[in-house]
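The structure appears below as structure tokens.
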Amino acid sequence: MPYMKLYYCHIFFTVFLLSCVNISGQAIRADKNSFGVDKVNGIIVWQPKEVDSKKLQNNEIKRYRFKNLYKIVDSTGKLSHTHSQKIQRRKKISTLFLTRLPIVQIKVNSKLNKSSKVLGQIAYYTEDSYIESLLGIEFRGNLSLTYPKKTFDLEIWTDSINEISKDLTFQRLRNDDDWILDGLYNEPLRIRSHIANSLWKSIHSPAYVAKEPTAKSGIDSEFVEVFKNDKYLGIFSLSESVDRKLLSLKKVDEKGVNGELFKASSYDEATTFENAPKVENLFPHWGGFEMEYPIVDYKSHWEDLAELINLVAESTDEKFNLSIGSFLNIENAIDYYLFVNLLRATDNLGKNYYLARYDRNSPYFFVPWDLDGVMGIIQDGKRIPTTDDILGNHLFDRLLSSNLKGYKEKLKKRWIALRKNQFSNRSLFDNIDTNYRKFKMENIYEREYKVWPNQRSTENDYAYLHEWLTKRLVYLDSHFENL
């Protein structure tokens, strides 16, 4: 056979073989950073593009490329958001999950601590958004530091030398440089905090929102799937921080202090409104509060807050009734009181809240924080089935006892109005059910509890939450009806 004929026969045979391989086993190549691979736990999480999702319905797909090539080793069904697949590279079998949640990958070489941020890298991927940046990262929290699954404090950096921060926007969250990755470890269903923060924002807006359209009454958050150094850490809440920017508080001007922000960080006589200790502006902490904004010339500014605390703790009934409306936004206080009691947020009346004011002429208002110990559990995740009590502190007790300008009737009317809308059984349970079913149906619980085992089934935890909230609403309806 002439040489040219042999050459063309070889080309034809090679093409034929390649086409046979393609027909018998097509492979999808996943986009960079659209997936995370945990070789130790045998977990791969992937957010495919829409075009790839359509290809997955093709019965000819037999392989996936996540940097390396994996072959499908089970045929129990097509890969989908509700159906995982076993895939294999060499002799190692992994479980492949699809996700609709953003995938966050963190690389860090130094050992993490709580006292100072160390250099790392972050990659954030959704089909519509991809972000890559340097960052500073450290552990966050107090009690949460004792959990095996940690919570992280992030600051986005421009470079590794000067550690200058820069703002980024993740999906629908605000543009900022400070972020929290909450591990949610102590909340068995991983949904309570997210639901609670969303609920607060749905019932309350800043009183000055007409002046500051971007002001928020609390934080927004989104669920993400996190890998750290190629280890799957599970589901996290990527959330905003409560700060001057979130609340759109007025900055210091030539006249001095304007907007203020204080964090109730520990139980003490001031955070429970029982006593106003002596003020020392040299220190950023006072009576259980921390000064978040402003600190001017290395000094804090406690005088006005101390005057509010002292009014509640020490004043006569006449003076209290005359002045409290000037110091405190009563409508905000009503919403916060009802919100805390609906959730039975036992850890959010002596700490885990912020007091803020828009400017020097405005009253203070509450901003909730750290809403994990709610709806039948406390902050360490332990079940507390109590549903038949009312939470308060000295401020709320005094507002009730004074019945300032028909305070009790306002409280009752606001409860009734909320029960027809955001606090209705339908609204509350629909919100819970939507989040739970997504996590259940899309196998998020399966992979979460593969790395962080749960002592109970999710079905048991879900049934407990439903039962608890049903009883709580019955009790509160009766309580406020007879107020």
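Following the order of the structure tokens, first chain is A, next is B, and so on, with residues numbered from 1 inside each chain and ligands from 1 in the order they appear.
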
Subject >> Backbone-only DSSP, strand (DSSP E or B) members of segment 114-327 of chain A, as a PyMOL selection string >> reply: chain A and resi 118-126+129-140+151-157+165+168-169+175-176+178-182+221-228+231-239+253+256+260-264+285-286+289-293+296+299

Take the selection from the previous step and output its residues with C-alpha atoms, as a PDB file, in the first residue's frame.
ATOM      1  CA  VAL A 118      -2.987  36.416  59.315  1.00  0.00           C
ATOM      2  CA  LEU A 119      -2.554  36.616  55.565  1.00  0.00           C
ATOM      3  CA  GLY A 120      -4.658  34.392  53.346  1.00  0.00           C
ATOM      4  CA  GLN A 121      -6.469  34.244  50.029  1.00  0.00           C
ATOM      5  CA  ILE A 122     -10.174  33.992  49.299  1.00  0.00           C
ATOM      6  CA  ALA A 123     -12.001  32.856  46.176  1.00  0.00           C
ATOM      7  CA  TYR A 124     -15.768  33.329  45.968  1.00  0.00           C
ATOM      8  CA  TYR A 125     -17.653  31.671  43.134  1.00  0.00           C
ATOM      9  CA  THR A 126     -21.185  31.753  41.791  1.00  0.00           C
ATOM     10  CA  SER A 129     -19.944  36.346  40.183  1.00  0.00           C
ATOM     11  CA  TYR A 130     -16.317  35.484  40.777  1.00  0.00           C
ATOM     12  CA  ILE A 131     -14.103  37.253  43.313  1.00  0.00           C
ATOM     13  CA  GLU A 132     -10.472  36.607  44.203  1.00  0.00           C
ATOM     14  CA  SER A 133      -8.558  38.594  46.803  1.00  0.00           C
ATOM     15  CA  LEU A 134      -6.026  38.648  49.582  1.00  0.00           C
ATOM     16  CA  LEU A 135      -7.474  38.806  53.055  1.00  0.00           C
ATOM     17  CA  GLY A 136      -6.679  38.847  56.738  1.00  0.00           C
ATOM     18  CA  ILE A 137      -8.376  36.080  58.703  1.00  0.00           C
ATOM     19  CA  GLU A 138      -8.683  35.203  62.384  1.00  0.00           C
ATOM     20  CA  PHE A 139     -10.942  33.204  64.673  1.00  0.00           C
ATOM     21  CA  ARG A 140     -14.002  34.967  66.039  1.00  0.00           C
ATOM     22  CA  THR A 151     -16.211  31.001  63.072  1.00  0.00           C
ATOM     23  CA  PHE A 152     -13.954  33.409  61.182  1.00  0.00           C
ATOM     24  CA  ASP A 153     -13.486  37.165  61.005  1.00  0.00           C
ATOM     25  CA  LEU A 154     -12.380  38.349  57.554  1.00  0.00           C
ATOM     26  CA  GLU A 155     -10.940  41.609  56.290  1.00  0.00           C
ATOM     27  CA  ILE A 156     -10.352  42.059  52.574  1.00  0.00           C
ATOM     28  CA  TRP A 157      -6.811  43.364  51.819  1.00  0.00           C
ATOM     29  CA  SER A 165      -8.366  47.040  53.512  1.00  0.00           C
ATOM     30  CA  LEU A 168     -16.023  44.104  48.091  1.00  0.00           C
ATOM     31  CA  THR A 169     -19.630  43.168  47.380  1.00  0.00           C
ATOM     32  CA  ASN A 175     -20.072  46.803  49.791  1.00  0.00           C
ATOM     33  CA  ASP A 176     -17.589  46.469  52.673  1.00  0.00           C
ATOM     34  CA  ASP A 178     -15.217  43.398  57.028  1.00  0.00           C
ATOM     35  CA  TRP A 179     -17.044  40.085  56.874  1.00  0.00           C
ATOM     36  CA  ILE A 180     -17.997  37.243  59.181  1.00  0.00           C
ATOM     37  CA  LEU A 181     -18.061  33.548  58.297  1.00  0.00           C
ATOM     38  CA  ASP A 182     -20.313  32.087  60.975  1.00  0.00           C
ATOM     39  CA  SER A 221     -26.376  37.256  55.322  1.00  0.00           C
ATOM     40  CA  GLU A 222     -26.185  34.430  52.820  1.00  0.00           C
ATOM     41  CA  PHE A 223     -25.384  30.742  53.098  1.00  0.00           C
ATOM     42  CA  VAL A 224     -22.133  29.614  51.491  1.00  0.00           C
ATOM     43  CA  GLU A 225     -20.134  26.375  51.243  1.00  0.00           C
ATOM     44  CA  VAL A 226     -16.596  26.743  52.562  1.00  0.00           C
ATOM     45  CA  PHE A 227     -13.343  24.949  51.830  1.00  0.00           C
ATOM     46  CA  LYS A 228     -10.206  25.835  53.764  1.00  0.00           C
ATOM     47  CA  LYS A 231     -10.781  20.675  53.325  1.00  0.00           C
ATOM     48  CA  TYR A 232     -14.575  20.928  53.268  1.00  0.00           C
ATOM     49  CA  LEU A 233     -15.750  22.877  56.322  1.00  0.00           C
ATOM     50  CA  GLY A 234     -19.447  22.754  55.521  1.00  0.00           C
ATOM     51  CA  ILE A 235     -22.209  25.335  55.461  1.00  0.00           C
ATOM     52  CA  PHE A 236     -21.510  28.849  56.792  1.00  0.00           C
ATOM     53  CA  SER A 237     -23.331  32.143  56.986  1.00  0.00           C
ATOM     54  CA  LEU A 238     -21.424  34.936  55.250  1.00  0.00           C
ATOM     55  CA  SER A 239     -22.714  37.990  57.054  1.00  0.00           C
ATOM     56  CA  ASP A 253     -18.382  66.847  62.559  1.00  0.00           C
ATOM     57  CA  GLY A 256     -18.294  67.068  67.874  1.00  0.00           C
ATOM     58  CA  GLU A 260     -22.980  56.676  68.260  1.00  0.00           C
ATOM     59  CA  LEU A 261     -22.790  52.896  68.388  1.00  0.00           C
ATOM     60  CA  PHE A 262     -22.345  50.739  71.492  1.00  0.00           C
ATOM     61  CA  LYS A 263     -22.166  46.956  71.724  1.00  0.00           C
ATOM     62  CA  ALA A 264     -23.571  45.136  74.765  1.00  0.00           C
ATOM     63  CA  HIS A 285     -15.562  49.712  77.649  1.00  0.00           C
ATOM     64  CA  TRP A 286     -18.049  50.673  80.350  1.00  0.00           C
ATOM     65  CA  PHE A 289     -20.728  47.967  76.784  1.00  0.00           C
ATOM     66  CA  GLU A 290     -17.981  48.437  74.195  1.00  0.00           C
ATOM     67  CA  MET A 291     -17.711  51.689  72.260  1.00  0.00           C
ATOM     68  CA  GLU A 292     -17.821  50.836  68.552  1.00  0.00           C
ATOM     69  CA  TYR A 293     -18.162  54.389  67.211  1.00  0.00           C
ATOM     70  CA  VAL A 296     -12.059  60.551  68.894  1.00  0.00           C
ATOM     71  CA  LYS A 299     -11.273  58.841  73.850  1.00  0.00           C
TER      72      LYS A 299
END

**OP:** Might you pull out every residue within 12 Å of Leu399 of chain A, with only C-alpha atoms counted and same-chain residues fewer than 2 positions away left off, and present them as number ranges by chain?
**Re:** A: 273, 311-313, 317, 320-321, 324-325, 328, 330-331, 333-334, 337, 392-397, 401-411

Take the residues from that selection and write them out as a CSV table (one decimal), in the first residue's frame, keeping N, CA, C and O atoms.
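Just written: part_20.csv:
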chain,number,residue,atom,x,y,z
A,273,PHE,N,-29.6,47.8,82.3
A,273,PHE,CA,-30.2,49.1,82.7
A,273,PHE,C,-30.5,49.2,84.2
A,273,PHE,O,-31.5,49.8,84.6
A,311,LEU,N,-31.3,57.3,83.8
A,311,LEU,CA,-32.7,57.6,83.8
A,311,LEU,C,-33.5,56.4,84.1
A,311,LEU,O,-34.5,56.5,84.8
A,312,VAL,N,-33.2,55.3,83.4
A,312,VAL,CA,-33.9,54.1,83.6
A,312,VAL,C,-33.7,53.5,85.0
A,312,VAL,O,-34.7,53.1,85.7
A,313,ALA,N,-32.5,53.6,85.5
A,313,ALA,CA,-32.1,52.9,86.8
A,313,ALA,C,-32.5,53.7,88.0
A,313,ALA,O,-32.9,53.1,89.0
A,317,ASP,N,-40.6,58.1,88.8
A,317,ASP,CA,-41.6,57.7,87.7
A,317,ASP,C,-42.0,58.9,86.9
A,317,ASP,O,-42.1,58.8,85.6
A,320,PHE,N,-39.0,59.7,84.6
A,320,PHE,CA,-38.9,58.7,83.6
A,320,PHE,C,-39.9,58.9,82.5
A,320,PHE,O,-39.6,58.8,81.3
A,321,ASN,N,-41.2,59.0,82.9
A,321,ASN,CA,-42.2,59.2,81.9
A,321,ASN,C,-42.1,60.5,81.0
A,321,ASN,O,-42.4,60.5,79.9
A,324,ILE,N,-38.1,59.6,78.9
A,324,ILE,CA,-37.6,58.4,78.2
A,324,ILE,C,-37.8,58.5,76.7
A,324,ILE,O,-37.0,58.0,75.9
A,325,GLY,N,-38.9,59.1,76.2
A,325,GLY,CA,-39.1,59.3,74.8
A,325,GLY,C,-38.1,60.1,74.1
A,325,GLY,O,-37.9,59.9,72.9
A,328,LEU,N,-35.0,57.4,74.0
A,328,LEU,CA,-35.1,56.1,73.4
A,328,LEU,C,-36.3,56.1,72.4
A,328,LEU,O,-37.3,56.6,72.7
A,330,ILE,N,-39.2,54.6,71.2
A,330,ILE,CA,-40.2,53.7,71.8
A,330,ILE,C,-40.7,52.7,70.8
A,330,ILE,O,-40.9,51.5,71.2
A,331,GLU,N,-41.0,53.1,69.6
A,331,GLU,CA,-41.4,52.1,68.6
A,331,GLU,C,-40.4,51.0,68.3
A,331,GLU,O,-40.7,49.9,68.2
A,333,ALA,N,-38.1,50.1,70.5
A,333,ALA,CA,-38.1,49.3,71.7
A,333,ALA,C,-39.3,48.2,71.7
A,333,ALA,O,-39.1,47.1,72.2
A,334,ILE,N,-40.4,48.6,71.3
A,334,ILE,CA,-41.6,47.7,71.2
A,334,ILE,C,-41.3,46.6,70.2
A,334,ILE,O,-41.5,45.4,70.6
A,337,TYR,N,-38.6,44.2,71.8
A,337,TYR,CA,-39.2,43.4,72.9
A,337,TYR,C,-40.1,42.3,72.3
A,337,TYR,O,-39.9,41.1,72.8
A,392,GLY,N,-37.4,39.9,79.8
A,392,GLY,CA,-37.3,41.3,80.0
A,392,GLY,C,-36.0,41.7,80.7
A,392,GLY,O,-35.2,40.9,81.0
A,393,ASN,N,-35.9,43.0,80.9
A,393,ASN,CA,-34.8,43.6,81.7
A,393,ASN,C,-35.4,44.8,82.4
A,393,ASN,O,-36.6,45.1,82.3
A,394,HIS,N,-34.5,45.5,83.1
A,394,HIS,CA,-35.1,46.6,83.9
A,394,HIS,C,-35.7,47.7,83.0
A,394,HIS,O,-36.7,48.3,83.4
A,395,LEU,N,-35.2,47.9,81.8
A,395,LEU,CA,-35.8,48.9,80.9
A,395,LEU,C,-37.2,48.5,80.5
A,395,LEU,O,-38.2,49.3,80.7
A,396,PHE,N,-37.3,47.3,80.0
A,396,PHE,CA,-38.6,46.8,79.5
A,396,PHE,C,-39.6,46.6,80.7
A,396,PHE,O,-40.8,46.9,80.5
A,397,ASP,N,-39.1,46.2,81.8
A,397,ASP,CA,-40.0,46.1,83.0
A,397,ASP,C,-40.6,47.5,83.4
A,397,ASP,O,-41.7,47.6,83.7
A,401,SER,N,-44.4,48.9,83.6
A,401,SER,CA,-45.0,49.3,84.8
A,401,SER,C,-45.4,50.8,84.7
A,401,SER,O,-46.4,51.2,85.4
A,402,SER,N,-44.7,51.6,84.0
A,402,SER,CA,-45.1,53.0,83.9
A,402,SER,C,-46.3,53.2,82.9
A,402,SER,O,-47.0,54.2,83.0
A,403,ASN,N,-46.4,52.3,81.9
A,403,ASN,CA,-47.4,52.3,80.9
A,403,ASN,C,-47.4,53.7,80.2
A,403,ASN,O,-48.5,54.3,80.0
A,404,LEU,N,-46.3,54.2,79.9
A,404,LEU,CA,-46.1,55.5,79.3
A,404,LEU,C,-46.9,55.7,78.0
A,404,LEU,O,-46.8,54.9,77.1
A,405,LYS,N,-47.8,56.7,78.1
A,405,LYS,CA,-48.6,57.0,76.9
A,405,LYS,C,-49.3,55.8,76.3
A,405,LYS,O,-49.3,55.6,75.0
A,406,GLY,N,-49.8,55.0,77.1
A,406,GLY,CA,-50.5,53.8,76.6
A,406,GLY,C,-49.6,52.7,76.1
A,406,GLY,O,-49.9,52.1,75.1
A,407,TYR,N,-48.4,52.6,76.7
A,407,TYR,CA,-47.4,51.7,76.2
A,407,TYR,C,-47.9,50.2,76.0
A,407,TYR,O,-47.7,49.6,75.0
A,408,LYS,N,-48.7,49.8,77.0
A,408,LYS,CA,-49.2,48.4,77.0
A,408,LYS,C,-50.1,48.2,75.8
A,408,LYS,O,-50.1,47.2,75.1
A,409,GLU,N,-51.0,49.2,75.5
A,409,GLU,CA,-51.9,49.1,74.4
A,409,GLU,C,-51.2,49.1,73.1
A,409,GLU,O,-51.5,48.4,72.1
A,410,LYS,N,-50.1,49.9,73.0
A,410,LYS,CA,-49.3,50.0,71.8
A,410,LYS,C,-48.6,48.6,71.6
A,410,LYS,O,-48.5,48.1,70.4
A,411,LEU,N,-48.1,48.0,72.7
A,411,LEU,CA,-47.5,46.7,72.6
A,411,LEU,C,-48.5,45.7,72.1
A,411,LEU,O,-48.1,44.9,71.2

**OP:** Using atom CA of Leu189 of chain A and atom CA of Leu418 of chain A as the two end points, give the distance in Å to one decimal.
**Re:**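 So the two atoms, atom CA of Leu189 of chain A and atom CA of Leu418 of chain A, lie 25.1 Å apart.
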
Subject >> Nearest residue to Ala196 of chain A from the set A:Glu467, A:Asp370, A:Asp477, A:Glu60 (distances using only C-alpha atoms) >> reply: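 Among A:Glu467, A:Asp370, A:Asp477, A:Glu60, it is A:Asp370 that comes nearest to Ala196 of chain A.
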
**OP:** Identify, on the basis of only C-alpha atoms, every residue whose closest approach to Val37 of chain A does not exceed 10 Å; exclude the query and any residue fewer than 2 positions from it along the same chain; express the result as a VMD selection string.
**Re:** chain A and resid 35 39 to 46 66 to 67 94 to 96 227 229 to 232

For segment 164-246 of chain A against segment 453-461 of chain A, with a cut-off of 10 Å and counting only C-alpha atoms, what is the closest atom pair and its distance in Å to one decimal for every residue that makes the cut, ordered by chain and number, as JSON lines?
{"residue": "A:Tyr185", "atom": "CA", "partner": "A:Asn454", "partner_atom": "CA", "distance": 9.9}
{"residue": "A:Glu187", "atom": "CA", "partner": "A:Asp461", "partner_atom": "CA", "distance": 9.8}
{"residue": "A:Pro188", "atom": "CA", "partner": "A:Asp461", "partner_atom": "CA", "distance": 6.9}
{"residue": "A:Leu189", "atom": "CA", "partner": "A:Thr458", "partner_atom": "CA", "distance": 6.7}

Quick one: write out the picked residues with C-alpha atoms as an mmCIF file, in the first residue's frame?
data_model
loop_
_atom_site.group_PDB
_atom_site.id
_atom_site.type_symbol
_atom_site.label_atom_id
_atom_site.label_comp_id
_atom_site.auth_asym_id
_atom_site.auth_seq_id
_atom_site.Cartn_x
_atom_site.Cartn_y
_atom_site.Cartn_z
ATOM 1 C CA TYR A 185 -22.090 24.835 64.708
ATOM 2 C CA GLU A 187 -27.506 25.441 65.890
ATOM 3 C CA PRO A 188 -28.475 21.916 64.808
ATOM 4 C CA LEU A 189 -30.507 22.942 61.740
#

Subject >> Backbone DSSP call of helix (DSSP H, G or I) for segment 255-383 of chain A, listed as a PyMOL selection string >> reply: chain A and resi 303-314+317-327+330-343

Surrounding residues of segment 341-349 of chain A excluding itself and chain neighbours under 5 positions, 9 Å, only C-alpha atoms, as a PDB file with N, CA, C and O atoms, in the first residue's frame:
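What landed in result-v3.pdb:
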ATOM      1  N   ALA A 196     -33.847  34.475  61.846  1.00  0.00           N
ATOM      2  CA  ALA A 196     -34.093  35.526  62.840  1.00  0.00           C
ATOM      3  C   ALA A 196     -33.643  36.893  62.333  1.00  0.00           C
ATOM      4  O   ALA A 196     -34.368  37.893  62.479  1.00  0.00           O
ATOM      5  N   ALA A 264     -23.418  45.803  73.472  1.00  0.00           N
ATOM      6  CA  ALA A 264     -23.571  45.136  74.765  1.00  0.00           C
ATOM      7  C   ALA A 264     -22.862  43.791  74.688  1.00  0.00           C
ATOM      8  O   ALA A 264     -23.395  42.823  74.158  1.00  0.00           O
ATOM      9  N   TYR A 267     -22.810  40.672  80.246  1.00  0.00           N
ATOM     10  CA  TYR A 267     -23.817  41.018  81.261  1.00  0.00           C
ATOM     11  C   TYR A 267     -23.193  41.874  82.344  1.00  0.00           C
ATOM     12  O   TYR A 267     -22.188  41.505  82.947  1.00  0.00           O
ATOM     13  N   THR A 271     -25.693  47.191  80.936  1.00  0.00           N
ATOM     14  CA  THR A 271     -26.351  46.527  79.810  1.00  0.00           C
ATOM     15  C   THR A 271     -27.725  45.993  80.175  1.00  0.00           C
ATOM     16  O   THR A 271     -28.562  45.771  79.297  1.00  0.00           O
ATOM     17  N   THR A 272     -27.986  45.789  81.471  1.00  0.00           N
ATOM     18  CA  THR A 272     -29.327  45.388  81.925  1.00  0.00           C
ATOM     19  C   THR A 272     -30.133  46.579  82.443  1.00  0.00           C
ATOM     20  O   THR A 272     -31.214  46.407  82.983  1.00  0.00           O
ATOM     21  N   TYR A 336     -38.367  45.464  69.283  1.00  0.00           N
ATOM     22  CA  TYR A 336     -37.291  44.613  69.800  1.00  0.00           C
ATOM     23  C   TYR A 336     -37.817  43.692  70.899  1.00  0.00           C
ATOM     24  O   TYR A 336     -37.482  42.497  70.945  1.00  0.00           O
ATOM     25  N   PRO A 368     -30.382  44.063  66.968  1.00  0.00           N
ATOM     26  CA  PRO A 368     -30.082  42.717  67.477  1.00  0.00           C
ATOM     27  C   PRO A 368     -28.782  42.168  66.923  1.00  0.00           C
ATOM     28  O   PRO A 368     -28.316  42.575  65.859  1.00  0.00           O
ATOM     29  N   TRP A 369     -28.221  41.215  67.665  1.00  0.00           N
ATOM     30  CA  TRP A 369     -26.944  40.630  67.275  1.00  0.00           C
ATOM     31  C   TRP A 369     -26.830  39.220  67.838  1.00  0.00           C
ATOM     32  O   TRP A 369     -27.379  38.907  68.887  1.00  0.00           O
ATOM     33  N   ASP A 370     -26.137  38.349  67.121  1.00  0.00           N
ATOM     34  CA  ASP A 370     -25.804  36.999  67.601  1.00  0.00           C
ATOM     35  C   ASP A 370     -27.063  36.220  67.969  1.00  0.00           C
ATOM     36  O   ASP A 370     -27.263  35.808  69.111  1.00  0.00           O
ATOM     37  N   LEU A 371     -27.884  35.970  66.967  1.00  0.00           N
ATOM     38  CA  LEU A 371     -29.186  35.350  67.193  1.00  0.00           C
ATOM     39  C   LEU A 371     -29.134  33.842  66.927  1.00  0.00           C
ATOM     40  O   LEU A 371     -29.881  33.307  66.097  1.00  0.00           O
ATOM     41  N   ASP A 372     -28.265  33.153  67.644  1.00  0.00           N
ATOM     42  CA  ASP A 372     -28.178  31.705  67.454  1.00  0.00           C
ATOM     43  C   ASP A 372     -28.920  30.931  68.548  1.00  0.00           C
ATOM     44  O   ASP A 372     -29.480  29.874  68.294  1.00  0.00           O
ATOM     45  N   GLY A 373     -28.945  31.471  69.779  1.00  0.00           N
ATOM     46  CA  GLY A 373     -29.636  30.784  70.866  1.00  0.00           C
ATOM     47  C   GLY A 373     -31.095  31.188  70.931  1.00  0.00           C
ATOM     48  O   GLY A 373     -31.533  31.856  71.876  1.00  0.00           O
ATOM     49  N   VAL A 374     -31.868  30.806  69.918  1.00  0.00           N
ATOM     50  CA  VAL A 374     -33.268  31.226  69.823  1.00  0.00           C
ATOM     51  C   VAL A 374     -34.151  30.041  69.440  1.00  0.00           C
ATOM     52  O   VAL A 374     -33.678  28.984  69.042  1.00  0.00           O
ATOM     53  N   MET A 375     -35.460  30.235  69.578  1.00  0.00           N
ATOM     54  CA  MET A 375     -36.472  29.258  69.154  1.00  0.00           C
ATOM     55  C   MET A 375     -36.229  27.870  69.746  1.00  0.00           C
ATOM     56  O   MET A 375     -36.078  26.882  69.038  1.00  0.00           O
ATOM     57  N   GLY A 376     -36.169  27.832  71.078  1.00  0.00           N
ATOM     58  CA  GLY A 376     -36.128  26.550  71.757  1.00  0.00           C
ATOM     59  C   GLY A 376     -34.758  26.025  72.108  1.00  0.00           C
ATOM     60  O   GLY A 376     -34.638  24.935  72.675  1.00  0.00           O
ATOM     61  N   ILE A 377     -33.703  26.784  71.774  1.00  0.00           N
ATOM     62  CA  ILE A 377     -32.358  26.409  72.187  1.00  0.00           C
ATOM     63  C   ILE A 377     -31.677  27.625  72.810  1.00  0.00           C
ATOM     64  O   ILE A 377     -32.111  28.759  72.609  1.00  0.00           O
ATOM     65  N   ILE A 378     -30.597  27.375  73.560  1.00  0.00           N
ATOM     66  CA  ILE A 378     -29.787  28.465  74.083  1.00  0.00           C
ATOM     67  C   ILE A 378     -28.482  28.512  73.313  1.00  0.00           C
ATOM     68  O   ILE A 378     -28.262  27.733  72.377  1.00  0.00           O
ATOM     69  N   GLN A 379     -27.587  29.424  73.715  1.00  0.00           N
ATOM     70  CA  GLN A 379     -26.425  29.744  72.892  1.00  0.00           C
ATOM     71  C   GLN A 379     -25.486  28.582  72.634  1.00  0.00           C
ATOM     72  O   GLN A 379     -24.753  28.579  71.646  1.00  0.00           O
ATOM     73  N   THR A 386     -38.904  25.454  77.272  1.00  0.00           N
ATOM     74  CA  THR A 386     -39.799  26.431  77.887  1.00  0.00           C
ATOM     75  C   THR A 386     -40.478  27.306  76.824  1.00  0.00           C
ATOM     76  O   THR A 386     -39.821  27.860  75.952  1.00  0.00           O
ATOM     77  N   THR A 387     -41.797  27.433  76.925  1.00  0.00           N
ATOM     78  CA  THR A 387     -42.546  28.283  75.995  1.00  0.00           C
ATOM     79  C   THR A 387     -43.463  29.267  76.715  1.00  0.00           C
ATOM     80  O   THR A 387     -44.063  30.142  76.077  1.00  0.00           O
ATOM     81  N   ASP A 389     -43.091  31.743  79.227  1.00  0.00           N
ATOM     82  CA  ASP A 389     -42.559  32.826  80.057  1.00  0.00           C
ATOM     83  C   ASP A 389     -42.360  34.064  79.201  1.00  0.00           C
ATOM     84  O   ASP A 389     -42.437  34.022  77.977  1.00  0.00           O
ATOM     85  N   ILE A 390     -42.091  35.195  79.872  1.00  0.00           N
ATOM     86  CA  ILE A 390     -41.833  36.466  79.199  1.00  0.00           C
ATOM     87  C   ILE A 390     -40.467  36.960  79.615  1.00  0.00           C
ATOM     88  O   ILE A 390     -40.133  36.989  80.805  1.00  0.00           O
ATOM     89  N   LEU A 391     -39.665  37.344  78.630  1.00  0.00           N
ATOM     90  CA  LEU A 391     -38.320  37.849  78.890  1.00  0.00           C
ATOM     91  C   LEU A 391     -38.339  39.370  79.026  1.00  0.00           C
ATOM     92  O   LEU A 391     -39.145  40.058  78.385  1.00  0.00           O
ATOM     93  N   GLY A 392     -37.437  39.894  79.835  1.00  0.00           N
ATOM     94  CA  GLY A 392     -37.335  41.341  79.991  1.00  0.00           C
ATOM     95  C   GLY A 392     -36.042  41.722  80.671  1.00  0.00           C
ATOM     96  O   GLY A 392     -35.219  40.881  81.010  1.00  0.00           O
ATOM     97  N   ASN A 393     -35.869  43.011  80.855  1.00  0.00           N
ATOM     98  CA  ASN A 393     -34.797  43.551  81.697  1.00  0.00           C
ATOM     99  C   ASN A 393     -35.371  44.783  82.398  1.00  0.00           C
ATOM    100  O   ASN A 393     -36.570  45.064  82.297  1.00  0.00           O
ATOM    101  N   PHE A 423     -45.357  37.799  61.722  1.00  0.00           N
ATOM    102  CA  PHE A 423     -45.399  36.837  62.821  1.00  0.00           C
ATOM    103  C   PHE A 423     -46.529  35.821  62.668  1.00  0.00           C
ATOM    104  O   PHE A 423     -46.797  35.062  63.597  1.00  0.00           O
ATOM    105  N   LEU A 469     -42.278  26.237  68.453  1.00  0.00           N
ATOM    106  CA  LEU A 469     -42.812  27.515  67.979  1.00  0.00           C
ATOM    107  C   LEU A 469     -44.338  27.536  68.038  1.00  0.00           C
ATOM    108  O   LEU A 469     -44.937  28.579  68.355  1.00  0.00           O
ATOM    109  N   ARG A 472     -45.185  28.253  71.603  1.00  0.00           N
ATOM    110  CA  ARG A 472     -44.783  29.614  71.967  1.00  0.00           C
ATOM    111  C   ARG A 472     -45.796  30.635  71.462  1.00  0.00           C
ATOM    112  O   ARG A 472     -46.172  31.572  72.189  1.00  0.00           O
ATOM    113  N   LEU A 473     -46.257  30.480  70.253  1.00  0.00           N
ATOM    114  CA  LEU A 473     -47.215  31.422  69.682  1.00  0.00           C
ATOM    115  C   LEU A 473     -48.547  31.381  70.424  1.00  0.00           C
ATOM    116  O   LEU A 473     -49.168  32.435  70.657  1.00  0.00           O
ATOM    117  N   LEU A 476     -47.962  33.315  73.714  1.00  0.00           N
ATOM    118  CA  LEU A 476     -47.801  34.762  73.535  1.00  0.00           C
ATOM    119  C   LEU A 476     -49.106  35.422  73.103  1.00  0.00           C
ATOM    120  O   LEU A 476     -49.406  36.554  73.513  1.00  0.00           O
TER     121      LEU A 476
END

Original post:
Do you know which residues are at most 9 Å from Tyr364 of chain A counting only C-alpha atoms, after dropping those on the same chain fewer than 5 positions away, and could you put them as JSON, numbers by chain?
Top reply: {"A": [260, 305, 308, 326, 327, 328, 329, 355, 356, 357, 358]}

**OP:** Can you pull out every residue within 8 Å of Pro48 of chain A, counting only C-alpha atoms, but drop anything in the same chain fewer than 6 positions away, and send it as a PyMOL selection string?
**Re:** chain A and resi 30-31+34+98+127

Export N, CA and C atoms of the chosen residues as a compact mmCIF listing (two decimals), in the first residue's frame?
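Produced file out23.txt, reproduced below:
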# COMPACT_ATOMS: atom_id res chain seq x y z
N ALA A 30 -15.12 21.07 34.71
CA ALA A 30 -15.68 22.10 35.58
C ALA A 30 -14.83 23.36 35.54
N ASP A 31 -15.47 24.51 35.58
CA ASP A 31 -14.76 25.78 35.57
C ASP A 31 -13.89 25.92 36.82
N SER A 34 -15.15 26.71 40.52
CA SER A 34 -16.57 26.39 40.63
C SER A 34 -16.80 25.16 41.49
N LEU A 98 -23.89 18.61 43.87
CA LEU A 98 -24.13 19.90 43.23
C LEU A 98 -24.70 20.87 44.25
N GLU A 127 -22.20 31.32 39.66
CA GLU A 127 -22.23 31.37 38.20
C GLU A 127 -22.19 32.80 37.68
